[in-house]
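Structure first, then comments.
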Amino acid sequence: MIRQLLIRLDASLPNPGELERWVTLAQALDADLLAQLEEDESLNTLAGLPFSTEICRSSAMTRPLNNASLDRRMRRNIQALDRQLAEIARHQPLKWQVTRISQHSSIRPSAGTALLRIGKLHRSYTVAKPGYRPGRPHIAVIHNGDEASEHALECTRRIADQFHLPIVLLALPESPWHQTHGLPEGIAVRTDLAVPERELLLPLLRAWQVNLLVLPASLLNDDENLPPVATLITP
């Protein structure tokens, strides 16, 4: 059972449309929402140097760059994100929390927590209308037959029902779905993925217009090997 949806964000704040999608995703999982803003440790190190300056984008003026100013900026972003979530919570049930975290902290979720990693190239996913049509975006789930994969598939079904999207199941050789053709309506299966590696995943994700991938934590190798789409890592 997933009790919490954790979203890792960089220093830039999401737009309201993204936030609403995340809230809907948390509701589909019947989970609380925890947003974590990542601190850029390299930037913090640079800010500790006595000669560091930055150029303001709006005024093109230079100003000192130091750890105190970065801390104030982070606090402002946390407060702004908290206000945005509070506004959304006025119209729909939501429990949430906004915190800060080191950029290099592990992305492997703890028990009862699913982690949504926002893709570097795709910061959001499309909500489609009911009714299947060719070329429609899909939600993908990687499955190898273990208990974690079954849990990931169940989460995928709940999300697909909420967003009215079909599912493409990427069956690894160990998955029982690799040889079974009795999948429920609305689920397609691909059996040509040998291992869940980035370079092998990318062509499949493009072909099925996948912009949300569900990945069981048991198959997670490292962050750099994840494809550039929003990825939900389930426990």
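Labels used: A, B, ... for chains in the order of the structure tokens, numbers from 1 for residues in each chain, and numbers from 1 for ligands as shown.
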- Query: Can you list, as a PyMOL selection string, every protein, DNA or RNA residue that comes within 7 Å of Pro64 of chain A when you count only C-alpha atoms, leaving out same-chain residues fewer than 6 positions away?
  - Reply: chain A and resi 52-54
Keeping N, CA and C atoms for every residue in the selection just given, could you write it to a file as a PDB file, in the first residue's frame?
```pdb
ATOM      1  N   SER A  52      32.533  34.846  -5.451  1.00  0.00           N
ATOM      2  CA  SER A  52      31.399  34.397  -6.263  1.00  0.00           C
ATOM      3  C   SER A  52      30.351  35.497  -6.416  1.00  0.00           C
ATOM      4  N   THR A  53      29.882  35.681  -7.644  1.00  0.00           N
ATOM      5  CA  THR A  53      28.792  36.613  -7.942  1.00  0.00           C
ATOM      6  C   THR A  53      27.824  35.936  -8.901  1.00  0.00           C
ATOM      7  N   GLU A  54      26.638  36.495  -9.028  1.00  0.00           N
ATOM      8  CA  GLU A  54      25.660  36.009  -9.992  1.00  0.00           C
ATOM      9  C   GLU A  54      25.066  37.190 -10.738  1.00  0.00           C
TER      10      GLU A  54
END
```
- Query: Got a sec: who's within 10 Å of Ile78 of chain A, counting only C-alpha atoms, leaving out chain neighbours fewer than 6 positions off, as an MDAnalysis selection string?
  - Reply: chainID A and resid 11 13 35:37 72 84 97:100
- Note on the structure: note - atom CA of Asp161 of chain A and atom CA of Pro14 of chain A are separated by 24.4 Å
For Asp30 of chain A, find every residue with an atom within 8 Å (counting only C-alpha atoms), except residues of its own chain fewer than 3 positions away, and show them as a short mmCIF file (atom, residue, chain, number, x, y, z; two decimals) with N, CA, C and O atoms, in the first residue's frame.
```cif
data_model
loop_
_atom_site.label_atom_id
_atom_site.label_comp_id
_atom_site.auth_asym_id
_atom_site.auth_seq_id
_atom_site.Cartn_x
_atom_site.Cartn_y
_atom_site.Cartn_z
N ILE A 2 0.57 2.19 -0.89
CA ILE A 2 1.32 3.44 -0.96
C ILE A 2 0.61 4.48 -0.11
O ILE A 2 -0.55 4.80 -0.33
N ARG A 3 1.33 5.00 0.87
CA ARG A 3 0.77 6.01 1.76
C ARG A 3 1.22 7.42 1.40
O ARG A 3 0.60 8.39 1.81
N ALA A 26 -1.57 11.71 -6.82
CA ALA A 26 -1.58 11.30 -5.41
C ALA A 26 -2.96 10.76 -5.02
O ALA A 26 -3.07 9.77 -4.31
N GLN A 27 -4.00 11.41 -5.52
CA GLN A 27 -5.36 10.95 -5.21
C GLN A 27 -5.64 9.60 -5.83
O GLN A 27 -6.33 8.76 -5.24
#
```
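For Ile7 of chain A, the list of residues within 8 Å, based on only C-alpha atoms and with local chain neighbours fewer than 4 positions off taken out, reads Leu33, Leu34, Ala35, Gln36, Leu115, Leu116, Arg117 and Ile118 of chain A.
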Atoms to include: N, CA and C atoms. Write the selected residues as a PDB file, in the first residue's frame.
```
ATOM      1  N   LEU A  33       0.912  13.825  -0.316  1.00  0.00           N
ATOM      2  CA  LEU A  33       1.898  14.373  -1.243  1.00  0.00           C
ATOM      3  C   LEU A  33       3.046  15.007  -0.464  1.00  0.00           C
ATOM      4  N   LEU A  34       4.262  14.572  -0.745  1.00  0.00           N
ATOM      5  CA  LEU A  34       5.460  15.159  -0.148  1.00  0.00           C
ATOM      6  C   LEU A  34       6.334  15.701  -1.270  1.00  0.00           C
ATOM      7  N   ALA A  35       6.505  17.024  -1.311  1.00  0.00           N
ATOM      8  CA  ALA A  35       7.354  17.663  -2.316  1.00  0.00           C
ATOM      9  C   ALA A  35       8.694  18.003  -1.679  1.00  0.00           C
ATOM     10  N   GLN A  36       9.779  17.568  -2.305  1.00  0.00           N
ATOM     11  CA  GLN A  36      11.120  17.828  -1.799  1.00  0.00           C
ATOM     12  C   GLN A  36      11.888  18.663  -2.817  1.00  0.00           C
ATOM     13  N   LEU A 115       7.987   7.285  -5.448  1.00  0.00           N
ATOM     14  CA  LEU A 115       8.752   8.487  -5.787  1.00  0.00           C
ATOM     15  C   LEU A 115       8.529   8.838  -7.249  1.00  0.00           C
ATOM     16  N   LEU A 116       8.089  10.072  -7.491  1.00  0.00           N
ATOM     17  CA  LEU A 116       7.916  10.550  -8.857  1.00  0.00           C
ATOM     18  C   LEU A 116       9.131  11.378  -9.234  1.00  0.00           C
ATOM     19  N   ARG A 117       9.883  10.880 -10.183  1.00  0.00           N
ATOM     20  CA  ARG A 117      11.050  11.608 -10.686  1.00  0.00           C
ATOM     21  C   ARG A 117      10.642  12.303 -11.973  1.00  0.00           C
ATOM     22  N   ILE A 118      10.744  13.627 -11.976  1.00  0.00           N
ATOM     23  CA  ILE A 118      10.357  14.401 -13.149  1.00  0.00           C
ATOM     24  C   ILE A 118      11.452  14.291 -14.191  1.00  0.00           C
TER      25      ILE A 118
END
```
- Message: Just want the 8 Å neighbourhood of Ala148 of chain A, counted on only C-alpha atoms, with same-chain residues fewer than 4 positions away dropped. Output as number ranges by chain.
- Response: A: 152, 216-218, 234-235
Preceding selection exported with N, CA, C and O atoms as a PDB file, in the first residue's frame:
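Just written: again_6.pdb:
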```pdb
ATOM      1  N   ALA A 152       3.482  -2.618  -8.851  1.00  0.00           N
ATOM      2  CA  ALA A 152       3.619  -1.532  -9.825  1.00  0.00           C
ATOM      3  C   ALA A 152       2.501  -1.582 -10.859  1.00  0.00           C
ATOM      4  O   ALA A 152       1.964  -0.546 -11.268  1.00  0.00           O
ATOM      5  N   PRO A 216       9.080  -0.556 -10.808  1.00  0.00           N
ATOM      6  CA  PRO A 216       9.250  -1.078  -9.448  1.00  0.00           C
ATOM      7  C   PRO A 216      10.676  -0.848  -8.959  1.00  0.00           C
ATOM      8  O   PRO A 216      11.634  -0.975  -9.726  1.00  0.00           O
ATOM      9  N   ALA A 217      10.810  -0.500  -7.678  1.00  0.00           N
ATOM     10  CA  ALA A 217      12.130  -0.187  -7.128  1.00  0.00           C
ATOM     11  C   ALA A 217      13.086  -1.367  -7.228  1.00  0.00           C
ATOM     12  O   ALA A 217      14.304  -1.182  -7.262  1.00  0.00           O
ATOM     13  N   SER A 218      12.551  -2.579  -7.288  1.00  0.00           N
ATOM     14  CA  SER A 218      13.415  -3.758  -7.392  1.00  0.00           C
ATOM     15  C   SER A 218      14.206  -3.777  -8.698  1.00  0.00           C
ATOM     16  O   SER A 218      15.225  -4.459  -8.799  1.00  0.00           O
ATOM     17  N   THR A 234       7.910   2.734  -7.677  1.00  0.00           N
ATOM     18  CA  THR A 234       7.036   2.190  -6.639  1.00  0.00           C
ATOM     19  C   THR A 234       7.811   1.220  -5.752  1.00  0.00           C
ATOM     20  O   THR A 234       8.747   0.561  -6.213  1.00  0.00           O
ATOM     21  N   PRO A 235       7.425   1.118  -4.467  1.00  0.00           N
ATOM     22  CA  PRO A 235       8.160   0.236  -3.545  1.00  0.00           C
ATOM     23  C   PRO A 235       7.898  -1.236  -3.825  1.00  0.00           C
ATOM     24  O   PRO A 235       6.959  -1.591  -4.502  1.00  0.00           O
TER      25      PRO A 235
END
```
- Message: I need the residues in chain A that are helix (DSSP H, G or I) according to DSSP; give them as a ChimeraX atom specification.
- Response: /A:16-28,41-47,67-89,147-163,176-178,198-207,217-219,223-225
- Item | Distance of atom CA of Arg206 of chain A from atom CA of Glu154 of chain A, expressed in Å to one decimal place | 23.2 Å
- Mind checking which residues fall within 8 Å of Ala114 of chain A, counting only C-alpha atoms, ignoring those fewer than 4 positions away in the same chain, and posting them as a ChimeraX atom specification? /A:2,4-6,109-110,232-235
